[in-house]
Every structure is written in structure tokens, then in C-alpha cells.
Amino acid sequence: MIANHIHDALDQVRTLQEMILEKRQFMGYSGTARIASGLFALAGAALLASGLVPSTACAHLAGWGIVLALALVVNYASIAYWFFFDEEVRQNPRMVKPAVDAVPALAVAAAFSITLILSRQYDLLPGIWMCMYGLAQVAYRLSLPIGIYWVGLCYMLCGACYLLAPGTSFLNPWPMGITFFLGEMAGGLILLSRRRPQPSKNREEP
């Protein structure tokens, strides 16, 4: 009899923990947007390798800049949609706070990128981008599913391998294109696997 009460109490604690964790999770990111970002990266790599784009560092920088811009638009549009169409989020803007968790890592990535570009060390850029983007994913450890944390570690591992590999070239777009395609596909599927609540709207009862 006592054992049954203990088991019931433990089940209640587990249920409460799951509810708290679910409430803490950041729901602003869209799995579909992440998958789209991965497709942008793969399409960008294919275009840069096609010969239609000049095989110069400036042209490849511009190409990856366009890919980044498209990814930022679709991902932050998802957050904006969540904010403006969910009554609960508008009433409690602090729910959007996890969106800034990645800002320090991305800011450092921008600083490294500018430094490497000014010193013409273009071949190091893909590895740095992979590592810093992976670090940004790790920052979401408490606000996104644990799978995103593992995706971040994989990005960091790929970046480290790229930096240590001999003969890498910034003008070969495939390592970065494939890495970001697979990483964003995995991240998107992880986000899609969770149940994203529909935007809540307060309606007056008739």
C-alpha cells in the first residue's frame, strides 16, 4: 500500500517536471524554417560550384552572405509570427528572451570573420563558421530539445576537423554546404518532432 503511494507520488513529480520543462522550452523557432535554411545552404554550394559564379573569394563571400540573409529572414520571420500571433507571448515578452542566447557566439563569429577577411585568411572561414554556429546551438541547451544540443556539438566537431584538415579551400563550397544542409535538416526534424502549440487568442465568451 505504501509502495503504491510512493509510486503515485513519483509519477506526479515526473509529470510536474515534464510540464515545467515543456513550459521553459522556446517555441519561437520553426523546424520548417531550419529545413529551408539547410536547403539554402545546399543550393548555395551547388551554385558556387557550378562555374556560373566567379571562382574568387569575393564572389564566394557574396554567395554565402546571400545564403545567410535568406536563413535569417525565414528563421526570424518565424519568431515574429510567434510573437505577434500568440496572445500569451505578447503579454509576456520575456518568453522571447531565449532568442538572444545565441547572440554572443554569433557576435564573436562576426568578429572572427571580419578579422580573417581583412587578413585574407579565407580558407579558415568555413571552419570558424561551423564551430561558432555549433556553439550558438549549444547555448540553447535549456530552452530547446536536447537534440539541438547534440546537433551543435556535431557542428563544432565538423568545424574542428575542417580547420585541422590539410589542403582545405574556401573556394570549395561543398564541405560547408553539406555540413549546414545536414545540420539544419537534423535540427529542423528535431523541432518538428515536438508539438508546437497553436497561437492562443483570448476570446470573450458569448
# chains A, B, ... in the order shown; residues from 1 in each chain; ligands from 1
$ select_by_dssp --residues "segment 2-206 of chain A" --states "helix (DSSP H, G or I)" --output "PyMOL selection string"
chain A and resi 2-24+31-49+57-85+87-91+93-100+103-118+122-138+146-164+174-193
$ closest_atom_pairs --of "segment 23-79 of chain A" --to "segment 93-97 of chain A" --cutoff "9 Å" --atoms "only C-alpha atoms" --output "tab-separated table"
residue	atom	partner	partner_atom	distance
A:Arg24	CA	A:Met95	CA	8.5
A:Phe26	CA	A:Met95	CA	7.3
A:Met27	CA	A:Val96	CA	8.8
A:Gly28	CA	A:Val96	CA	7.3
A:Ile79	CA	A:Val96	CA	8.2
$ write_last_selection --atoms "C-alpha atoms" --output "PDB file, in the first residue's frame"
ATOM      1  CA  ARG A  24      10.536  26.506 -20.364  1.00  0.00           C
ATOM      2  CA  PHE A  26      11.406  28.170 -26.509  1.00  0.00           C
ATOM      3  CA  MET A  27       8.739  27.673 -29.162  1.00  0.00           C
ATOM      4  CA  GLY A  28       9.682  30.563 -31.448  1.00  0.00           C
ATOM      5  CA  ILE A  79       9.850  34.223 -34.303  1.00  0.00           C
TER       6      ILE A  79
END
$ residues_around --residues "Gly65 of chain A" --least-positions-apart "6" --cutoff "10 Å" --atoms "only C-alpha atoms" --output "list in words"
Gly44, Ala59 and Ala71 of chain A
$ residues_around --residues "Ser55 of chain A" --least-positions-apart "5" --cutoff "12 Å" --atoms "only C-alpha atoms" --output "ChimeraX atom specification"
/A:47-50,60-63,169-173
$ closest_residue --among "A:Thr179, A:Val53, A:Leu142, A:Leu163" --to "Pro98 of chain A" --atoms "only C-alpha atoms"
A:Leu142
$ closest_residue --among "A:Val138, A:Trp64, A:Met176, A:Ser193" --to "Ser30 of chain A" --atoms "only C-alpha atoms"
A:Ser193
$ residues_around --residues "Pro175 of chain A" --least-positions-apart "6" --cutoff "10 Å" --atoms "only C-alpha atoms" --output "list in words"
Leu42, Ala45, Pro126, Gly127, Cys158, Gly159, Tyr162, Thr168, Ser169 and Phe181 of chain A
$ write_last_selection --atoms "N, CA, C and O atoms" --output "tab-separated table (two decimals), in the first residue's frame"
chain	number	residue	atom	x	y	z
A	42	LEU	N	22.62	24.15	-49.24
A	42	LEU	CA	22.96	23.17	-50.28
A	42	LEU	C	22.85	23.80	-51.66
A	42	LEU	O	23.71	23.59	-52.53
A	45	ALA	N	25.80	26.10	-52.23
A	45	ALA	CA	27.03	25.35	-52.55
A	45	ALA	C	27.00	24.87	-53.99
A	45	ALA	O	28.00	24.94	-54.71
A	126	PRO	N	35.16	28.76	-43.27
A	126	PRO	CA	34.15	27.72	-43.07
A	126	PRO	C	34.27	27.00	-41.72
A	126	PRO	O	33.26	26.74	-41.05
A	127	GLY	N	35.49	26.69	-41.31
A	127	GLY	CA	35.68	26.01	-40.03
A	127	GLY	C	35.25	26.87	-38.85
A	127	GLY	O	34.61	26.39	-37.92
A	158	CYS	N	32.65	19.12	-36.71
A	158	CYS	CA	32.91	19.29	-38.15
A	158	CYS	C	33.82	20.50	-38.38
A	158	CYS	O	34.74	20.44	-39.21
A	159	GLY	N	33.56	21.58	-37.64
A	159	GLY	CA	34.39	22.77	-37.80
A	159	GLY	C	35.83	22.51	-37.39
A	159	GLY	O	36.77	22.95	-38.07
A	162	TYR	N	37.52	20.45	-40.02
A	162	TYR	CA	37.82	21.26	-41.21
A	162	TYR	C	39.06	22.11	-40.97
A	162	TYR	O	39.93	22.22	-41.86
A	168	THR	N	42.44	22.43	-47.24
A	168	THR	CA	41.07	22.93	-47.40
A	168	THR	C	41.10	24.29	-48.11
A	168	THR	O	42.05	25.05	-47.98
A	169	SER	N	40.03	24.56	-48.86
A	169	SER	CA	39.97	25.79	-49.62
A	169	SER	C	38.58	26.42	-49.49
A	169	SER	O	37.56	25.74	-49.61
A	181	PHE	N	23.63	21.79	-44.56
A	181	PHE	CA	22.42	21.11	-45.04
A	181	PHE	C	22.01	20.00	-44.08
A	181	PHE	O	20.87	19.93	-43.62
$ closest_residue --among "A:Met132, A:Val89, A:Leu118, A:Ala43" --to "Ala102 of chain A" --atoms "only C-alpha atoms"
A:Met132
$ atom_distance --atom1 "atom CA of Tyr149 of chain A" --atom2 "atom CA of Gly134 of chain A"
8.5 Å
$ closest_residue --among "A:Phe40, A:Phe112, A:Trp174, A:Tyr29" --to "Phe83 of chain A" --atoms "only C-alpha atoms"
A:Tyr29
